[in-house]
Amino acid sequence: MAACEFKEKCPIFKRFRHEGIKNLWISRYCDTGGDNCKRKELRTSGKGALEVPVSLLPNGRYLDILEVFGENDGVKLEDDCRHALNCSALFNRFIDPDSRNFWGARYCFRKGEGCRRKEILDSGDEALSLPENLLPNGLCL
């Protein structure tokens, strides 16, 4: 099967810090022709390349939340948890950017669904009951 015709110029891959993860996306979506790629779907729907958000991943989710916790030019989206920036100090404790970004992508995206930290902050007992080392999954670092 031929690779997707947009593979070489797809801007999403410039945003990945880790070559291994980038290559997983490429082999899953681009090298298989891009038939199930949401980026290609949008681009070929008649809207054109300008209508495809730069941070849209091939699976239809967004990469922006990963950049909120880094030193790059991340943008906070309306769908992000309103407490995401409160958690950045915890996530920045991880030396490896992929580990740091995992927590942000898993729990801060889509309004913080399933995040224990968000539950506590939303309860109103913010400073008193939120342990500094509490991870979003409820375990402590």
# chains A, B, ... in the order shown; residues from 1 in each chain; ligands from 1
>>> residues_around(residues="stretch 25-32 of chain A", least_positions_apart="6", cutoff="6 Å", atoms="only C-alpha atoms", output="PDB file with N, CA and C atoms, in the first residue's frame")
ATOM      1  N   ALA A   3       2.053   5.114   0.689  1.00  0.00           N
ATOM      2  CA  ALA A   3       1.942   6.047   1.824  1.00  0.00           C
ATOM      3  C   ALA A   3       0.997   7.196   1.467  1.00  0.00           C
ATOM      4  N   CYS A   4       0.479   7.829   2.474  1.00  0.00           N
ATOM      5  CA  CYS A   4      -0.401   8.987   2.293  1.00  0.00           C
ATOM      6  C   CYS A   4       0.336  10.069   1.516  1.00  0.00           C
ATOM      7  N   LYS A   7       2.011  12.821   3.686  1.00  0.00           N
ATOM      8  CA  LYS A   7       2.964  12.386   4.730  1.00  0.00           C
ATOM      9  C   LYS A   7       4.171  13.321   4.870  1.00  0.00           C
TER      10      LYS A   7
END
>>> atom_distance(atom1="atom CA of A:Arg82", atom2="atom CA of A:Asn133")
19.0 Å
>>> residues_around(residues="A:Phe6", least_positions_apart="3", cutoff="10 Å", atoms="only C-alpha atoms", output="CSV table (one decimal) with all heavy atoms, in the first residue's frame")
chain,number,residue,atom,x,y,z
A,3,ALA,N,2.1,5.1,0.7
A,3,ALA,CA,1.9,6.0,1.8
A,3,ALA,C,1.0,7.2,1.5
A,3,ALA,O,0.8,7.5,0.3
A,3,ALA,CB,3.3,6.6,2.2
A,9,LYS,N,4.7,16.4,4.2
A,9,LYS,CA,4.5,17.8,4.5
A,9,LYS,C,3.5,18.0,5.7
A,9,LYS,O,3.0,19.1,5.9
A,9,LYS,CB,4.0,18.6,3.3
A,9,LYS,CG,5.0,18.7,2.2
A,9,LYS,CD,4.6,19.5,1.1
A,9,LYS,CE,5.7,19.5,0.0
A,9,LYS,NZ,5.3,20.3,-1.1
A,10,CYS,N,3.2,16.9,6.4
A,10,CYS,CA,2.2,17.0,7.5
A,10,CYS,C,2.8,17.7,8.6
A,10,CYS,O,3.8,17.3,9.2
A,10,CYS,CB,1.8,15.6,7.9
A,10,CYS,SG,0.4,15.6,9.0
A,11,PRO,N,2.3,18.9,9.0
A,11,PRO,CA,2.9,19.7,10.1
A,11,PRO,C,2.8,19.1,11.5
A,11,PRO,O,3.6,19.6,12.4
A,11,PRO,CB,2.1,21.0,10.0
A,11,PRO,CG,0.8,20.7,9.4
A,11,PRO,CD,1.1,19.5,8.5
A,30,CYS,N,0.1,7.1,8.3
A,30,CYS,CA,0.7,7.6,7.0
A,30,CYS,C,1.1,6.5,6.1
A,30,CYS,O,0.8,6.5,4.9
A,30,CYS,CB,1.8,8.5,7.3
A,30,CYS,SG,1.5,9.8,8.4
A,33,GLY,N,-1.5,4.6,3.9
A,33,GLY,CA,-2.3,5.3,2.9
A,33,GLY,C,-3.1,6.4,3.5
A,33,GLY,O,-3.7,7.2,2.8
A,34,GLY,N,-3.2,6.5,4.8
A,34,GLY,CA,-4.0,7.5,5.5
A,34,GLY,C,-5.5,7.4,5.4
A,34,GLY,O,-6.2,8.3,5.7
A,39,ARG,N,-6.8,13.9,9.8
A,39,ARG,CA,-6.2,15.1,9.2
A,39,ARG,C,-6.4,15.0,7.7
A,39,ARG,O,-6.8,15.9,7.0
A,39,ARG,CB,-4.7,15.1,9.5
A,39,ARG,CG,-4.4,15.3,10.9
A,39,ARG,CD,-2.9,15.5,11.1
A,39,ARG,NE,-2.3,16.6,10.3
A,39,ARG,CZ,-2.4,17.9,10.7
A,39,ARG,NH1,-3.0,18.2,11.8
A,39,ARG,NH2,-1.9,18.8,9.9
A,40,LYS,N,-6.2,13.8,7.1
A,40,LYS,CA,-6.4,13.6,5.7
A,40,LYS,C,-7.9,13.8,5.3
A,40,LYS,O,-8.3,14.4,4.3
A,40,LYS,CB,-5.9,12.2,5.2
A,40,LYS,CG,-6.1,12.0,3.7
A,40,LYS,CD,-5.5,10.7,3.3
A,40,LYS,CE,-5.7,10.5,1.8
A,40,LYS,NZ,-5.2,9.2,1.4
A,43,ARG,N,-8.7,17.4,5.2
A,43,ARG,CA,-8.0,18.1,4.1
A,43,ARG,C,-8.7,17.7,2.7
A,43,ARG,O,-8.7,18.6,1.9
A,43,ARG,CB,-6.5,17.6,4.1
A,43,ARG,CG,-5.8,18.4,3.0
A,43,ARG,CD,-4.3,18.6,3.4
A,43,ARG,NE,-3.7,19.4,2.3
A,43,ARG,CZ,-2.4,19.4,2.2
A,43,ARG,NH1,-1.6,18.8,3.0
A,43,ARG,NH2,-1.9,20.2,1.3
A,49,ALA,N,-6.0,22.6,3.2
A,49,ALA,CA,-5.0,22.5,4.3
A,49,ALA,C,-5.1,23.6,5.4
A,49,ALA,O,-4.8,23.3,6.5
A,49,ALA,CB,-3.6,22.6,3.7
>>> residues_around(residues="A:Leu135", least_positions_apart="2", cutoff="8 Å", atoms="only C-alpha atoms", output="JSON, numbers by chain")
{"A": [90, 116, 117, 133, 137, 138, 139, 140, 141]}
>>> residues_around(residues="A:Ala84", least_positions_apart="4", cutoff="8 Å", atoms="only C-alpha atoms", output="list in words")
Asp80, Ser88, Gly104 and Cys108 of chain A
>>> atom_distance(atom1="atom CA of A:Pro58", atom2="atom CA of A:Asn23")
12.6 Å
